[in-house]
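run_37.cif (mmCIF, C-alpha atoms (C1' of nucleotides)) appears below.
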```
data_coords
loop_
_atom_site.label_atom_id
_atom_site.label_comp_id
_atom_site.auth_asym_id
_atom_site.auth_seq_id
_atom_site.Cartn_x
_atom_site.Cartn_y
_atom_site.Cartn_z
CA MET B 11 36.42 -26.33 -78.14
CA SER B 12 34.27 -25.49 -81.14
CA SER B 13 30.54 -24.90 -81.31
CA ARG B 14 30.39 -25.64 -85.02
CA GLU B 15 29.20 -29.07 -86.07
CA ASP B 16 31.42 -31.57 -87.80
CA PRO B 17 31.17 -31.03 -91.60
CA ARG B 18 30.68 -34.77 -92.06
CA THR B 19 27.60 -34.66 -89.81
CA ILE B 20 26.15 -31.74 -91.71
CA ARG B 21 26.83 -33.42 -95.01
CA SER B 22 25.10 -36.64 -93.97
CA ARG B 23 22.01 -34.90 -92.58
CA GLU B 24 21.59 -32.67 -95.59
CA ALA B 25 21.94 -35.65 -97.90
CA LEU B 26 19.27 -37.52 -95.91
CA HIS B 27 16.93 -34.51 -95.94
CA ARG B 28 17.32 -34.07 -99.69
CA ALA B 29 16.86 -37.74 -100.50
CA PHE B 30 13.83 -38.07 -98.21
CA LEU B 31 12.06 -35.04 -99.68
CA ALA B 32 12.80 -36.22 -103.20
CA LEU B 33 11.28 -39.62 -102.42
CA LEU B 34 8.21 -38.03 -100.83
CA GLU B 35 7.47 -36.31 -104.11
CA SER B 36 6.61 -39.60 -105.74
CA HIS B 37 5.93 -42.04 -102.90
CA ALA B 38 3.65 -42.19 -99.88
CA LEU B 39 5.33 -41.84 -96.52
CA GLU B 40 4.78 -45.45 -95.49
CA ASP B 41 6.27 -46.71 -98.75
CA VAL B 42 9.52 -44.81 -98.31
CA THR B 43 12.02 -47.11 -96.59
CA ILE B 44 15.03 -46.02 -94.61
CA ARG B 45 17.13 -48.23 -96.86
CA GLN B 46 15.95 -46.33 -99.93
CA ILE B 47 16.58 -42.95 -98.33
CA CYS B 48 20.12 -44.04 -97.48
CA ALA B 49 20.75 -45.50 -100.91
CA ASP B 50 19.62 -42.27 -102.61
CA ALA B 51 21.52 -40.11 -100.14
CA ASP B 52 24.66 -42.24 -100.57
CA VAL B 53 24.82 -42.57 -96.81
CA HIS B 54 25.25 -45.94 -95.13
CA TYR B 55 22.15 -47.55 -93.60
CA THR B 56 23.57 -47.75 -90.08
CA THR B 57 24.58 -44.11 -90.24
CA PHE B 58 20.92 -43.12 -90.49
CA PHE B 59 20.28 -44.29 -86.92
CA ARG B 60 23.25 -42.32 -85.67
CA HIS B 61 21.24 -39.19 -86.59
CA TYR B 62 17.59 -40.18 -86.32
CA PRO B 63 15.95 -43.02 -84.40
CA SER B 64 13.25 -43.45 -87.04
CA LYS B 65 11.83 -42.25 -90.33
CA GLU B 66 9.21 -40.20 -88.47
CA SER B 67 11.91 -38.48 -86.48
CA LEU B 68 13.58 -37.31 -89.68
CA LEU B 69 10.23 -36.14 -91.00
CA ASN B 70 9.51 -34.25 -87.80
CA ALA B 71 12.86 -32.49 -88.02
CA ILE B 72 12.09 -31.32 -91.55
CA ALA B 73 8.51 -30.37 -90.74
CA ALA B 74 9.50 -28.44 -87.63
CA GLU B 75 12.16 -26.57 -89.56
CA GLN B 76 9.78 -25.52 -92.35
CA SER B 77 6.88 -24.76 -90.00
CA ALA B 78 9.07 -22.52 -87.90
CA GLN B 79 10.18 -20.60 -90.99
CA LEU B 80 6.61 -20.18 -92.17
CA VAL B 81 5.33 -19.00 -88.80
CA ALA B 82 8.25 -16.66 -88.26
CA LEU B 83 7.48 -15.06 -91.61
CA SER B 84 3.72 -14.80 -90.98
CA MET B 85 3.50 -13.60 -87.39
CA PRO B 86 4.68 -10.02 -88.01
CA VAL B 87 2.09 -9.73 -90.80
CA VAL B 88 -0.62 -11.18 -88.56
CA GLU B 89 0.04 -8.29 -86.17
CA THR B 90 -1.07 -5.86 -88.88
CA ASN B 91 -4.58 -7.41 -88.85
CA ASP B 92 -4.57 -7.41 -92.64
CA ARG B 93 -5.74 -10.92 -93.45
CA HIS B 94 -5.18 -10.55 -97.15
CA GLN B 95 -1.55 -9.62 -96.59
CA VAL B 96 -1.16 -12.67 -94.33
CA HIS B 97 -2.45 -14.98 -97.03
CA LEU B 98 -0.35 -13.27 -99.66
CA THR B 99 2.77 -13.71 -97.56
CA LEU B 100 1.85 -17.32 -96.86
CA CYS B 101 1.17 -18.21 -100.47
CA ASN B 102 4.25 -16.48 -101.77
CA PHE B 103 6.45 -18.36 -99.33
CA ILE B 104 4.86 -21.69 -100.25
CA ASN B 105 5.05 -20.89 -103.93
CA GLU B 106 8.73 -20.04 -103.73
CA HIS B 107 9.41 -23.44 -102.16
CA ARG B 108 6.81 -25.22 -104.22
CA GLN B 109 8.45 -28.62 -104.65
CA LEU B 110 9.31 -28.82 -100.97
CA TRP B 111 5.76 -28.03 -99.87
CA VAL B 112 4.25 -30.36 -102.39
CA SER B 113 6.24 -33.04 -100.61
CA LEU B 114 5.24 -31.84 -97.18
CA LEU B 115 1.52 -31.40 -97.85
CA THR B 116 0.69 -34.13 -100.33
CA GLY B 117 3.31 -36.80 -99.70
CA GLY B 118 2.10 -38.12 -96.38
CA ALA B 119 3.73 -35.54 -94.14
CA ALA B 120 0.61 -33.38 -93.92
CA GLY B 121 -0.32 -34.67 -90.46
CA THR B 122 3.07 -33.82 -89.04
CA ILE B 123 3.03 -30.33 -90.54
CA LYS B 124 -0.44 -29.68 -89.21
CA ALA B 125 0.47 -30.79 -85.70
CA GLU B 126 3.56 -28.59 -85.72
CA LEU B 127 1.71 -25.53 -87.03
CA LEU B 128 -1.06 -26.01 -84.48
CA ARG B 129 1.55 -26.15 -81.74
CA LEU B 130 3.20 -22.95 -82.98
CA CYS B 131 -0.07 -21.06 -83.57
CA MET B 132 -2.01 -22.04 -80.46
CA GLN B 133 -0.29 -19.84 -77.90
CA PRO B 134 -0.16 -16.63 -79.99
CA ALA B 135 -3.78 -17.21 -81.05
CA VAL B 136 -5.03 -17.55 -77.49
CA ARG B 137 -3.58 -14.10 -76.82
CA ARG B 138 -5.02 -12.48 -79.95
CA VAL B 139 -8.38 -13.99 -80.81
CA PRO B 140 -11.22 -12.02 -79.21
CA THR B 141 -13.91 -14.15 -77.55
CA ALA B 142 -16.65 -12.69 -79.71
CA THR B 143 -18.10 -16.14 -80.34
CA SER B 144 -19.05 -19.06 -78.12
CA ILE B 145 -16.62 -21.28 -79.99
CA PRO B 146 -13.49 -22.26 -78.01
CA VAL B 147 -10.37 -20.61 -79.35
CA GLU B 148 -8.74 -23.99 -79.70
CA LEU B 149 -11.42 -25.13 -82.14
CA ILE B 150 -11.15 -21.94 -84.16
CA VAL B 151 -7.39 -22.35 -84.52
CA ILE B 152 -7.73 -26.01 -85.50
CA SER B 153 -10.37 -25.20 -88.09
CA THR B 154 -8.50 -22.25 -89.54
CA VAL B 155 -5.16 -24.00 -89.84
CA SER B 156 -6.82 -27.11 -91.25
CA VAL B 157 -8.69 -25.22 -93.96
CA GLN B 158 -5.60 -23.27 -94.91
CA LEU B 159 -3.51 -26.44 -95.22
CA GLU B 160 -6.20 -28.36 -97.10
CA ALA B 161 -6.64 -25.47 -99.49
CA LEU B 162 -2.88 -25.14 -99.97
CA ALA B 163 -2.62 -28.87 -100.67
CA TRP B 164 -5.38 -28.53 -103.25
CA TRP B 165 -3.66 -25.52 -104.80
CA LEU B 166 -0.33 -27.34 -105.07
CA ALA B 167 -2.09 -30.26 -106.73
CA GLN B 168 -3.29 -27.99 -109.55
CA PRO B 169 -1.11 -27.13 -112.56
CA ALA B 170 1.45 -24.58 -111.38
CA ASP B 171 0.15 -21.70 -113.52
CA ARG B 172 -3.57 -22.40 -113.13
CA TYR B 173 -4.27 -20.14 -110.15
CA PRO B 174 -1.80 -17.24 -109.63
CA VAL B 175 -0.73 -16.43 -106.08
CA GLN B 176 -2.92 -13.30 -105.95
CA GLN B 177 -6.02 -15.17 -107.03
CA PHE B 178 -5.55 -18.11 -104.69
CA ALA B 179 -4.79 -15.83 -101.75
CA ALA B 180 -8.14 -14.16 -102.39
CA MET B 181 -9.83 -17.57 -102.25
CA LEU B 182 -8.19 -18.18 -98.88
CA ASP B 183 -9.51 -14.81 -97.67
CA GLU B 184 -13.03 -15.93 -98.49
CA LEU B 185 -12.66 -19.48 -97.13
CA VAL B 186 -11.51 -18.47 -93.64
CA TYR B 187 -13.70 -15.37 -93.46
CA THR B 188 -15.93 -16.53 -90.62
CA SER B 189 -13.31 -18.21 -88.50
CA LEU B 190 -11.16 -15.12 -88.14
CA LYS B 191 -14.18 -12.76 -88.30
CA MET U 213 -27.61 -72.32 -105.39
CA SER U 214 -27.85 -69.78 -102.59
CA SER U 215 -27.23 -66.05 -102.69
CA ARG U 216 -26.60 -65.86 -98.94
CA GLU U 217 -23.02 -65.83 -97.76
CA ASP U 218 -21.54 -68.67 -95.78
CA PRO U 219 -22.13 -68.03 -92.04
CA ARG U 220 -18.47 -68.83 -91.39
CA THR U 221 -17.41 -66.06 -93.77
CA ILE U 222 -19.71 -63.56 -92.09
CA ARG U 223 -18.50 -64.60 -88.68
CA SER U 224 -14.84 -64.14 -89.62
CA ARG U 225 -15.34 -60.74 -91.21
CA GLU U 226 -17.39 -59.39 -88.34
CA ALA U 227 -14.82 -60.65 -85.84
CA LEU U 228 -12.05 -58.92 -87.81
CA HIS U 229 -14.05 -55.67 -88.00
CA ARG U 230 -14.75 -55.70 -84.27
CA ALA U 231 -11.18 -56.53 -83.28
CA PHE U 232 -9.71 -53.93 -85.63
CA LEU U 233 -11.98 -51.14 -84.37
CA ALA U 234 -11.28 -52.08 -80.78
CA LEU U 235 -7.54 -51.92 -81.42
CA LEU U 236 -7.86 -48.54 -83.18
CA GLU U 237 -9.36 -47.10 -80.01
CA SER U 238 -6.03 -47.39 -78.24
CA HIS U 239 -3.41 -47.73 -80.96
CA ALA U 240 -2.32 -45.79 -84.03
CA LEU U 241 -3.11 -47.41 -87.35
CA GLU U 242 0.50 -48.20 -88.19
CA ASP U 243 1.01 -49.89 -84.83
CA VAL U 244 -1.89 -52.28 -85.27
CA THR U 245 -0.57 -55.48 -86.83
CA ILE U 246 -2.57 -58.01 -88.79
CA ARG U 247 -1.34 -60.65 -86.35
CA GLN U 248 -2.82 -58.74 -83.42
CA ILE U 249 -6.13 -58.21 -85.18
CA CYS U 250 -6.32 -61.94 -85.87
CA ALA U 251 -5.33 -62.89 -82.35
CA ASP U 252 -8.01 -60.63 -80.85
CA ALA U 253 -10.60 -61.76 -83.37
CA ASP U 254 -9.74 -65.41 -82.75
CA VAL U 255 -9.32 -65.85 -86.47
CA HIS U 256 -6.27 -67.51 -87.96
CA TYR U 257 -3.61 -65.25 -89.49
CA THR U 258 -3.77 -66.80 -92.94
CA THR U 259 -7.55 -66.46 -92.96
CA PHE U 260 -7.16 -62.70 -92.87
CA PHE U 261 -5.68 -62.67 -96.37
CA ARG U 262 -8.52 -64.83 -97.64
CA HIS U 263 -10.78 -61.82 -96.95
CA TYR U 264 -8.59 -58.74 -97.29
CA PRO U 265 -5.27 -58.28 -99.12
CA SER U 266 -4.02 -55.80 -96.53
CA LYS U 267 -4.76 -53.88 -93.35
CA GLU U 268 -5.67 -50.79 -95.38
CA SER U 269 -8.15 -52.79 -97.38
CA LEU U 270 -9.97 -53.79 -94.19
CA LEU U 271 -9.93 -50.20 -93.01
CA ASN U 272 -11.31 -48.99 -96.34
CA ALA U 273 -14.15 -51.47 -96.11
CA ILE U 274 -15.12 -50.20 -92.68
CA ALA U 275 -14.70 -46.55 -93.63
CA ALA U 276 -16.74 -46.91 -96.82
CA GLU U 277 -19.49 -48.65 -94.91
CA GLN U 278 -19.74 -45.94 -92.26
CA SER U 279 -19.33 -43.06 -94.73
CA ALA U 280 -22.14 -44.40 -96.88
CA GLN U 281 -24.43 -44.63 -93.85
CA LEU U 282 -23.59 -41.08 -92.81
CA VAL U 283 -24.11 -39.62 -96.27
CA ALA U 284 -27.33 -41.55 -96.82
CA LEU U 285 -28.63 -40.09 -93.60
CA SER U 286 -27.52 -36.52 -94.37
CA MET U 287 -28.45 -36.08 -98.03
CA PRO U 288 -32.22 -35.88 -97.55
CA VAL U 289 -31.68 -33.25 -94.88
CA VAL U 290 -29.29 -31.32 -97.12
CA GLU U 291 -32.14 -31.03 -99.63
CA THR U 292 -34.11 -28.99 -97.09
CA ASN U 293 -31.41 -26.27 -97.17
CA ASP U 294 -31.56 -26.09 -93.38
CA ARG U 295 -27.90 -26.18 -92.42
CA HIS U 296 -28.57 -26.39 -88.72
CA GLN U 297 -30.71 -29.50 -89.22
CA VAL U 298 -27.94 -31.05 -91.30
CA HIS U 299 -25.42 -30.51 -88.55
CA LEU U 300 -27.84 -31.74 -85.94
CA THR U 301 -28.45 -34.92 -87.90
CA LEU U 302 -24.73 -35.36 -88.46
CA CYS U 303 -23.78 -34.85 -84.83
CA ASN U 304 -26.55 -37.06 -83.51
CA PHE U 305 -25.49 -39.91 -85.77
CA ILE U 306 -21.84 -39.56 -84.73
CA ASN U 307 -22.79 -39.26 -81.09
CA GLU U 308 -24.88 -42.43 -81.22
CA HIS U 309 -21.89 -44.32 -82.59
CA ARG U 310 -19.38 -42.44 -80.53
CA GLN U 311 -16.80 -45.15 -79.88
CA LEU U 312 -16.78 -46.22 -83.49
CA TRP U 313 -16.23 -42.69 -84.76
CA VAL U 314 -13.59 -41.96 -82.17
CA SER U 315 -11.75 -44.87 -83.73
CA LEU U 316 -12.37 -43.70 -87.26
CA LEU U 317 -11.47 -40.03 -86.75
CA THR U 318 -8.71 -40.13 -84.17
CA GLY U 319 -7.24 -43.61 -84.53
CA GLY U 320 -5.44 -43.13 -87.81
CA ALA U 321 -8.35 -43.76 -90.15
CA ALA U 322 -9.17 -40.07 -90.61
CA GLY U 323 -7.51 -39.87 -94.01
CA THR U 324 -9.48 -42.78 -95.37
CA ILE U 325 -12.76 -41.42 -94.04
CA LYS U 326 -12.07 -38.00 -95.52
CA ALA U 327 -11.25 -39.43 -98.94
CA GLU U 328 -14.40 -41.53 -98.92
CA LEU U 329 -16.65 -38.65 -97.83
CA LEU U 330 -15.14 -36.35 -100.45
CA ARG U 331 -15.84 -38.97 -103.08
CA LEU U 332 -19.45 -39.31 -101.95
CA CYS U 333 -20.09 -35.57 -101.58
CA MET U 334 -18.37 -34.25 -104.70
CA GLN U 335 -20.96 -35.21 -107.31
CA PRO U 336 -24.06 -34.08 -105.37
CA ALA U 337 -22.28 -30.87 -104.41
CA VAL U 338 -21.39 -29.99 -107.99
CA ARG U 339 -25.11 -30.16 -108.77
CA ARG U 340 -26.21 -28.12 -105.77
CA VAL U 341 -23.65 -25.45 -104.99
CA PRO U 342 -24.41 -22.18 -106.79
CA THR U 343 -21.43 -20.51 -108.42
CA ALA U 344 -21.90 -17.33 -106.42
CA THR U 345 -18.17 -17.14 -105.68
CA SER U 346 -15.04 -17.37 -107.79
CA ILE U 347 -13.90 -20.35 -105.73
CA PRO U 348 -14.02 -23.71 -107.54
CA VAL U 349 -16.73 -25.99 -106.17
CA GLU U 350 -14.15 -28.71 -105.59
CA LEU U 351 -12.22 -26.46 -103.21
CA ILE U 352 -15.38 -25.49 -101.34
CA VAL U 353 -16.32 -29.13 -100.82
CA ILE U 354 -12.82 -30.05 -99.68
CA SER U 355 -12.72 -27.16 -97.22
CA THR U 356 -16.19 -27.80 -95.85
CA VAL U 357 -15.76 -31.53 -95.35
CA SER U 358 -12.31 -30.99 -93.84
CA VAL U 359 -13.51 -28.45 -91.31
CA GLN U 360 -16.44 -30.61 -90.33
CA LEU U 361 -14.24 -33.66 -89.81
CA GLU U 362 -11.57 -31.71 -87.93
CA ALA U 363 -14.20 -30.18 -85.69
CA LEU U 364 -15.83 -33.56 -85.11
CA ALA U 365 -12.49 -35.08 -84.22
CA TRP U 366 -11.91 -32.25 -81.75
CA TRP U 367 -15.39 -32.70 -80.29
CA LEU U 368 -14.87 -36.45 -79.83
CA ALA U 369 -11.58 -35.76 -78.07
CA GLN U 370 -13.38 -33.69 -75.41
CA PRO U 371 -15.07 -35.27 -72.38
CA ALA U 372 -18.33 -36.83 -73.58
CA ASP U 373 -20.61 -34.48 -71.64
CA ARG U 374 -18.62 -31.28 -72.13
CA TYR U 375 -20.39 -29.97 -75.23
CA PRO U 376 -23.93 -31.29 -75.84
CA VAL U 377 -24.96 -32.18 -79.38
CA GLN U 378 -27.10 -29.03 -79.74
CA GLN U 379 -24.28 -26.75 -78.66
CA PHE U 380 -21.64 -28.34 -80.85
CA ALA U 381 -23.93 -28.40 -83.87
CA ALA U 382 -24.33 -24.63 -83.43
CA MET U 383 -20.53 -24.27 -83.46
CA LEU U 384 -20.43 -26.19 -86.74
CA ASP U 385 -23.06 -23.84 -88.17
CA GLU U 386 -20.81 -20.91 -87.42
CA LEU U 387 -17.58 -22.58 -88.57
CA VAL U 388 -18.80 -23.44 -92.07
CA TYR U 389 -20.91 -20.31 -92.48
CA THR U 390 -18.94 -18.79 -95.33
CA SER U 391 -18.23 -21.94 -97.30
CA LEU U 392 -21.89 -22.88 -97.73
CA LYS U 393 -22.97 -19.22 -97.76
"C1'" DT G 214 -28.61 -89.32 -92.74
"C1'" DT G 215 -25.23 -89.18 -96.23
"C1'" DA G 216 -22.43 -86.95 -99.58
"C1'" DT G 217 -20.35 -82.95 -101.19
"C1'" DC G 218 -18.41 -78.49 -100.85
"C1'" DT G 219 -15.65 -74.90 -98.77
"C1'" DA G 220 -13.99 -71.81 -95.14
"C1'" DT G 221 -10.89 -72.24 -91.72
"C1'" DG G 222 -6.91 -74.16 -88.99
"C1'" DC G 223 -2.26 -75.41 -89.07
"C1'" DT G 224 2.66 -75.86 -90.44
"C1'" DA G 225 6.39 -74.51 -93.05
"C1'" DT G 226 8.75 -71.22 -95.68
"C1'" DA G 227 10.37 -67.06 -98.17
"C1'" DC G 228 10.92 -62.30 -98.11
"C1'" DT G 229 11.51 -57.55 -96.53
"C1'" DG G 230 12.38 -53.85 -93.32
"C1'" DT G 231 13.98 -52.40 -88.68
"C1'" DG G 232 17.53 -51.96 -85.44
"C1'" DT G 233 22.15 -53.08 -82.97
"C1'" DA G 234 27.13 -54.57 -82.17
"C1'" DG G 235 32.00 -54.45 -83.22
"C1'" DC G 236 35.74 -53.14 -85.73
"C1'" DA G 237 38.42 -50.61 -89.42
"C1'" DT G 238 39.18 -46.35 -91.72
"C1'" DA G 239 38.85 -41.85 -93.64
"C1'" DG G 240 38.32 -37.20 -92.51
"C1'" DA G 241 38.23 -33.34 -89.04
"C1'" DT G 242 40.30 -30.85 -85.18
"C1'" DT G 243 44.09 -29.29 -82.33
"C1'" DA F 75 51.85 -35.18 -86.21
"C1'" DA F 76 48.63 -36.82 -82.87
"C1'" DT F 77 44.07 -37.32 -81.44
"C1'" DC F 78 39.22 -37.61 -81.98
"C1'" DT F 79 35.03 -39.09 -84.21
"C1'" DA F 80 31.76 -39.80 -88.00
"C1'" DT F 81 31.20 -43.00 -91.30
"C1'" DG F 82 31.62 -47.55 -93.79
"C1'" DC F 83 31.21 -52.32 -93.47
"C1'" DT F 84 29.86 -57.01 -91.94
"C1'" DA F 85 27.15 -59.85 -89.31
"C1'" DC F 86 23.23 -60.84 -86.77
"C1'" DA F 87 18.71 -60.83 -84.33
"C1'" DC F 88 13.98 -59.87 -84.72
"C1'" DA F 89 9.26 -58.77 -86.39
"C1'" DG F 90 5.70 -58.38 -89.79
"C1'" DT F 91 4.01 -59.56 -94.40
"C1'" DA F 92 2.53 -62.98 -97.60
"C1'" DT F 93 1.93 -67.63 -99.83
"C1'" DA F 94 1.59 -72.89 -100.40
"C1'" DG F 95 -0.22 -77.41 -99.19
"C1'" DC F 96 -2.75 -80.33 -96.59
"C1'" DA F 97 -6.15 -81.73 -92.88
"C1'" DT F 98 -10.52 -80.90 -90.80
"C1'" DA F 99 -14.69 -78.91 -89.05
"C1'" DG F 100 -18.84 -76.88 -90.39
"C1'" DA F 101 -22.36 -75.66 -94.03
"C1'" DT F 102 -25.32 -77.07 -97.85
"C1'" DA F 103 -28.02 -80.12 -100.60
"C1'" DA F 104 -29.41 -84.86 -101.95
#
```
Just give me the structure of the file as structure tokens.
Amino acid sequence: MSSREDPRTIRSREALHRAFLALLESHALEDVTIRQICADADVHYTTFFRHYPSKESLLNAIAAEQSAQLVALSMPVVETNDRHQVHLTLCNFINEHRQLWVSLLTGGAAGTIKAELLRLCMQPAVRRVPTATSIPVELIVISTVSVQLEALAWWLAQPADRYPVQQFAAMLDELVYTSLK
Amino acid sequence: MSSREDPRTIRSREALHRAFLALLESHALEDVTIRQICADADVHYTTFFRHYPSKESLLNAIAAEQSAQLVALSMPVVETNDRHQVHLTLCNFINEHRQLWVSLLTGGAAGTIKAELLRLCMQPAVRRVPTATSIPVELIVISTVSVQLEALAWWLAQPADRYPVQQFAAMLDELVYTSLK
DNA sequence: TTATCTATGCTATACTGTGTAGCATAGATT
DNA sequence: AATCTATGCTACACAGTATAGCATAGATAA
């Protein structure tokens, strides 16, 4: 027996991922058809359903993958309690995968990303956030993640060299000041 | 000649609005079909297209209508510079049309509502917001509106009597503290 | 009331996208 | 070389969108 996946499977999935993300750069999620993804990926239409039951399922796979990477990178920095470093780490990661995150945050996948990040952040946050305010932790997490994602989406919509990473990270510091106290 | 609209036209549109909002209370936007809206509204399928070219167009009409009402109600209060009163006004209005706004904010119409509110708030905000920070006004408006809508959506998802209007408005005060300074 | 206008109802039709079934084949594993 | 399996291919069923043409019921104005 072998635990490695069949190279053909890997090839098909990667082709679908690439084609889907490329399409999301210029089309809204609901306008991207499975047929088009398959055509661009040079993978047969019926093969798509052998990997994913729907378009959303493919999107969720991509979003979960990227969210997990982002959270894994941020959590150790969060432990240092240095919010500026957290935002710097965050923004650098996003900036280094700019095209991908433009697709994820402005191409119609924003809702999926937000849901996944909320899921990943909720448990650690409940442990960490002190109950200094009367606001439920859940609401604080939702607000914080939402502002960060909205701001990131705005940033990515600006010309690439308009606001350097350092400068935008500082804006994030100010925007989420209250929430994280 | 008569400037009033044909009663049959009004009747059809109102029936479509009602049916659509009712469906959004229990179904995601993409799962609500034009056929179903028409069936529930007791309006013929083809008649739908005589009023709206698409489902999104109907949603936009409803969202624009409600957003305009909300902004018209809030703006005078904003002029008083009393943020707590603004949030109180906001929350009371939403609470009085609870079912409708549950549909609009949690039923898949949230994106449309946000876009419409941003459009309505951007110009007045550019006039009002002092440039005390290095953050572009546009980003401040986006962040503020987003947090408010996210928080409202969260509030509406809680049991109706869990957080009274007063209490939740106070949470909003705290959540947007920095943004509005 | 009568005549006119028009919004709606109804049927038929074209088109597009989703999703499945069955079989042949090319590529991977052993 | 023999076996396994992921993919390609064809065909088909189904659902939702959208338009065209005609008949009719309801609204407006004389």
At most 7 Å to chain B: residues in chain F, only C-alpha atoms (C1' of nucleotides), as a tab-separated table (two decimals) with C-alpha atoms (C1' of nucleotides), in the coordinates of the input:
```tsv
chain	number	residue	atom	x	y	z
F	80	DA	C1'	31.76	-39.80	-88.00
F	81	DT	C1'	31.20	-43.00	-91.30
F	82	DG	C1'	31.62	-47.55	-93.79
```
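The environment of DA216 of chain G within 12 Å, counting only C-alpha atoms (C1' of nucleotides) and disregarding residues fewer than 3 places along the same chain, consists of DT102, DA103 and DA104 of chain F.
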Just C-alpha atoms (C1' of nucleotides) for this one: save the residues we selected as a compact mmCIF listing (two decimals), keeping the file's coordinate frame.
```txt
# COMPACT_ATOMS: atom_id res chain seq x y z
C1' DT F 102 -25.32 -77.07 -97.85
C1' DA F 103 -28.02 -80.12 -100.60
C1' DA F 104 -29.41 -84.86 -101.95
```
Residues of chain G that approach chain U to 9 Å or less, counting all atoms listed in the file: could you list each one with the shortest pair of atoms and its distance in Å to one decimal, rows by chain and increasing residue number, as a tab-separated table?
```
residue	atom	partner	partner_atom	distance
G:DA220	C1'	U:Arg220	CA	6.6
G:DT221	C1'	U:Thr259	CA	6.8
G:DG222	C1'	U:His256	CA	6.8
G:DC223	C1'	U:His256	CA	8.9
```
- Task: With a distance threshold of 10 Å and counting all atoms listed in the file, extract the residues of chain B near chain U and express them as a PyMOL selection string.
- Result: chain B and resi 40+121+143-146+148-150+152-162+164-165+177-178+180-182+184-190
- What separation in Å, quoted to one decimal, exists between atom CA of Arg223 of chain U and atom CA of Ala253 of chain U?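 Between atom CA of Arg223 of chain U and atom CA of Ala253 of chain U the gap works out to 9.9 Å.
Taken over the shown file, the PyMOL selection byres ((chain F and resi 88) around 10) identifies G:DT231, G:DG232, F:DC86, F:DA87, F:DA89, F:DG90.
Reported to one decimal place, the separation of atom CA of Cys101 of chain B from atom CA of Arg138 of chain B is 22.2 Å.
Interatomic distance, atom CA of Leu69 of chain B against atom CA of His27 of chain B: 8.5 Å.
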- Excluding Ala227 of chain U and any residue of its chain fewer than 5 positions from it, enumerate the residues within 9 Å of it, using all atoms listed in the file, and give them as a PyMOL selection string. chain U and resi 222+232+250+252-255
Mind completing segment 251-262 of chain U with N, CA and C atoms? Output as a short mmCIF file (atom, residue, chain, number, x, y, z; two decimals), in the coordinates of the input, please?
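That gives us result-v9.cif:
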```cif
data_model
loop_
_atom_site.label_atom_id
_atom_site.label_comp_id
_atom_site.auth_asym_id
_atom_site.auth_seq_id
_atom_site.Cartn_x
_atom_site.Cartn_y
_atom_site.Cartn_z
N ALA U 251 -5.37 -62.31 -83.69
CA ALA U 251 -5.33 -62.89 -82.35
C ALA U 251 -6.56 -62.46 -81.56
N ASP U 252 -6.85 -61.14 -81.59
CA ASP U 252 -8.01 -60.63 -80.85
C ASP U 252 -9.32 -61.14 -81.42
N ALA U 253 -9.36 -61.33 -82.73
CA ALA U 253 -10.60 -61.76 -83.37
C ALA U 253 -10.77 -63.27 -83.27
N ASP U 254 -9.72 -63.94 -82.80
CA ASP U 254 -9.74 -65.41 -82.75
C ASP U 254 -9.99 -65.99 -84.14
N VAL U 255 -9.27 -65.40 -85.09
CA VAL U 255 -9.32 -65.85 -86.47
C VAL U 255 -7.88 -66.11 -86.89
N HIS U 256 -7.65 -67.18 -87.63
CA HIS U 256 -6.27 -67.51 -87.96
C HIS U 256 -5.65 -66.49 -88.90
N TYR U 257 -4.34 -66.26 -88.71
CA TYR U 257 -3.61 -65.25 -89.49
C TYR U 257 -3.82 -65.41 -91.00
N THR U 258 -3.65 -66.61 -91.49
CA THR U 258 -3.77 -66.80 -92.94
C THR U 258 -5.19 -66.51 -93.44
N THR U 259 -6.15 -66.71 -92.56
CA THR U 259 -7.55 -66.46 -92.96
C THR U 259 -7.78 -64.99 -93.29
N PHE U 260 -7.01 -64.13 -92.59
CA PHE U 260 -7.16 -62.70 -92.87
C PHE U 260 -7.03 -62.41 -94.35
N PHE U 261 -5.98 -62.97 -94.96
CA PHE U 261 -5.68 -62.67 -96.37
C PHE U 261 -6.67 -63.32 -97.32
N ARG U 262 -7.47 -64.25 -96.80
CA ARG U 262 -8.52 -64.83 -97.64
C ARG U 262 -9.70 -63.86 -97.76
#
```
